[in-house]
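Trainee: Attaching a single structure in structure tokens format; questions to follow.
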Amino acid sequence: MLRVMFVCLGNICRSAMAECVMKQLVKQKGLDGKFYISSAGTSNEEEGNPIYPPAKRKLQSEGVEVVPHFATKLKPSDYDKYDLFLCAEERNVMSATRIFGGDSQNKIRRMLDFSAQPRNIADPWWTGDFDAAYDDIVEACETLIDYAAKNGLI
């Protein structure tokens with residue numbers, strides 16, 4: 001089982017959306033039991049809050065089931081519990097690395113690092129563009145599944 005944690009700043013937009021999208025894709029592709037999926041933020045400012053309403057509306061408009069969610073902060077003890085930490089952007093990679101005190105096992109990557117065009121996912125909290133964030137997240141999840149299958153991780 002591949003244990004994946006999606007990470008962004010507050011865990012109410014990008015990482016929460018990625019958790020929902022990935023869980024749905026795994027179910028649709030008959031990969032239940034192959035992945036353990038979670039999400040967290042590098043900041044505690046949104047801790048305990050649900051998915052941001054515009055993010056929730058975007059997921060619902062795309063037919064994605066919104067799983068029960070309350071924002072949590074990434075903890076040092078998470079490092080040994082997961083195989084991959086997929087961060088929305090480089091800033092989250094740096095923050096996660098700082099929280100963990102390093103990345104000796106090369107577990108921290110950006111969500112889109114497995115895609116043909118590795119890049120950051122812009123924060124829709126600031127841009128207001130939940131469509132672009134959603135499209136990037138779907139691409140990230142699909143390419144992660146492909147990467148995991150091709151590399152014998154699932």
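In the structure tokens, the first chain shown is A, the next is B, and so on; residue numbers restart at 1 for each chain, and ligands run from 1 in the order shown.
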Using only C-alpha atoms, find each residue of range 18-95 of chain A with at least one atom at most 8 Å away from an atom of range 125-132 of chain A; report its shortest atom-to-atom pair and that distance in Å (one decimal), sort the rows by chain and rising residue number, and return the result as a tab-separated table.

Mentor:
```
residue	atom	partner	partner_atom	distance
A:Pro54	CA	A:Phe130	CA	7.3
A:Ala55	CA	A:Phe130	CA	6.5
A:Lys58	CA	A:Phe130	CA	6.7
```

Trainee: Using DSSP on the backbone coordinates, identify all residues within chain A classified as helix (DSSP H, G or I); present the result as a ChimeraX atom specification.

Mentor: /A:14-28,53-61,76-81,90-100,111-114,124-127,130-150

Trainee: Please tabulate, as CSV, the residues of range 47-135 of chain A that come within 6 Å of range 140-150 of chain A, each with its closest pair of atoms and the distance in Å to one decimal, counting only C-alpha atoms and ordering rows by chain, then residue number upward.

Mentor:
```
residue,atom,partner,partner_atom,distance
A:Met111,CA,A:Ala140,CA,5.5
A:Leu112,CA,A:Ala140,CA,4.9
A:Phe114,CA,A:Thr143,CA,5.9
A:Ser115,CA,A:Thr143,CA,5.6
```

Trainee: Okay, now the selection with C-alpha atoms, as an mmCIF file, in the first residue's frame?

Mentor:
```cif
data_model
loop_
_atom_site.group_PDB
_atom_site.id
_atom_site.type_symbol
_atom_site.label_atom_id
_atom_site.label_comp_id
_atom_site.auth_asym_id
_atom_site.auth_seq_id
_atom_site.Cartn_x
_atom_site.Cartn_y
_atom_site.Cartn_z
ATOM 1 C CA MET A 111 2.136 17.218 -6.555
ATOM 2 C CA LEU A 112 2.948 17.785 -10.213
ATOM 3 C CA PHE A 114 5.345 13.183 -11.731
ATOM 4 C CA SER A 115 3.681 15.009 -14.636
#
```

Trainee: Which residue, A:Ile99, A:Met1, A:Met94, A:Cys8, has the smallest gap to Tyr82 in chain A when you use only C-alpha atoms?

Mentor: A:Met1

Trainee: Can you pull out every residue within 9 Å of Gly41 in chain A, counting only C-alpha atoms, but drop anything in the same chain fewer than 5 positions away, and send it as a PyMOL selection string?

Mentor: chain A and resi 6-12+15+46-47+71-74+92+96

Trainee: Could you list, as a list in words, every residue within 12 Å of Asp83 in chain A, counting only C-alpha atoms and ignoring same-chain residues fewer than 6 positions away?

Mentor: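 The contact residues come out as Met1, Leu2, Arg3, Val4, Met5, Phe6, Phe35, Tyr36, Ile37, Ser38, Asp103, Gln105, Asn106, Lys107, Ile108, Arg109, Ala148, Leu153 and Ile154 of chain A.
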
Trainee: Between A:Gly63, A:Gln117, A:Ser39, A:Glu45, which one has atoms that come closest to Leu84 in chain A, using only C-alpha atoms?

Mentor: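 Checking each of A:Gly63, A:Gln117, A:Ser39, A:Glu45 against Leu84 in chain A, counting only C-alpha atoms, the winner is A:Ser39.
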
Trainee: Could you give me the residues within range 3-133 of chain A that DSSP places in strand (DSSP E or B), as a PyMOL selection string?

Mentor: chain A and resi 3-8+35-41+73+84-87+108-110
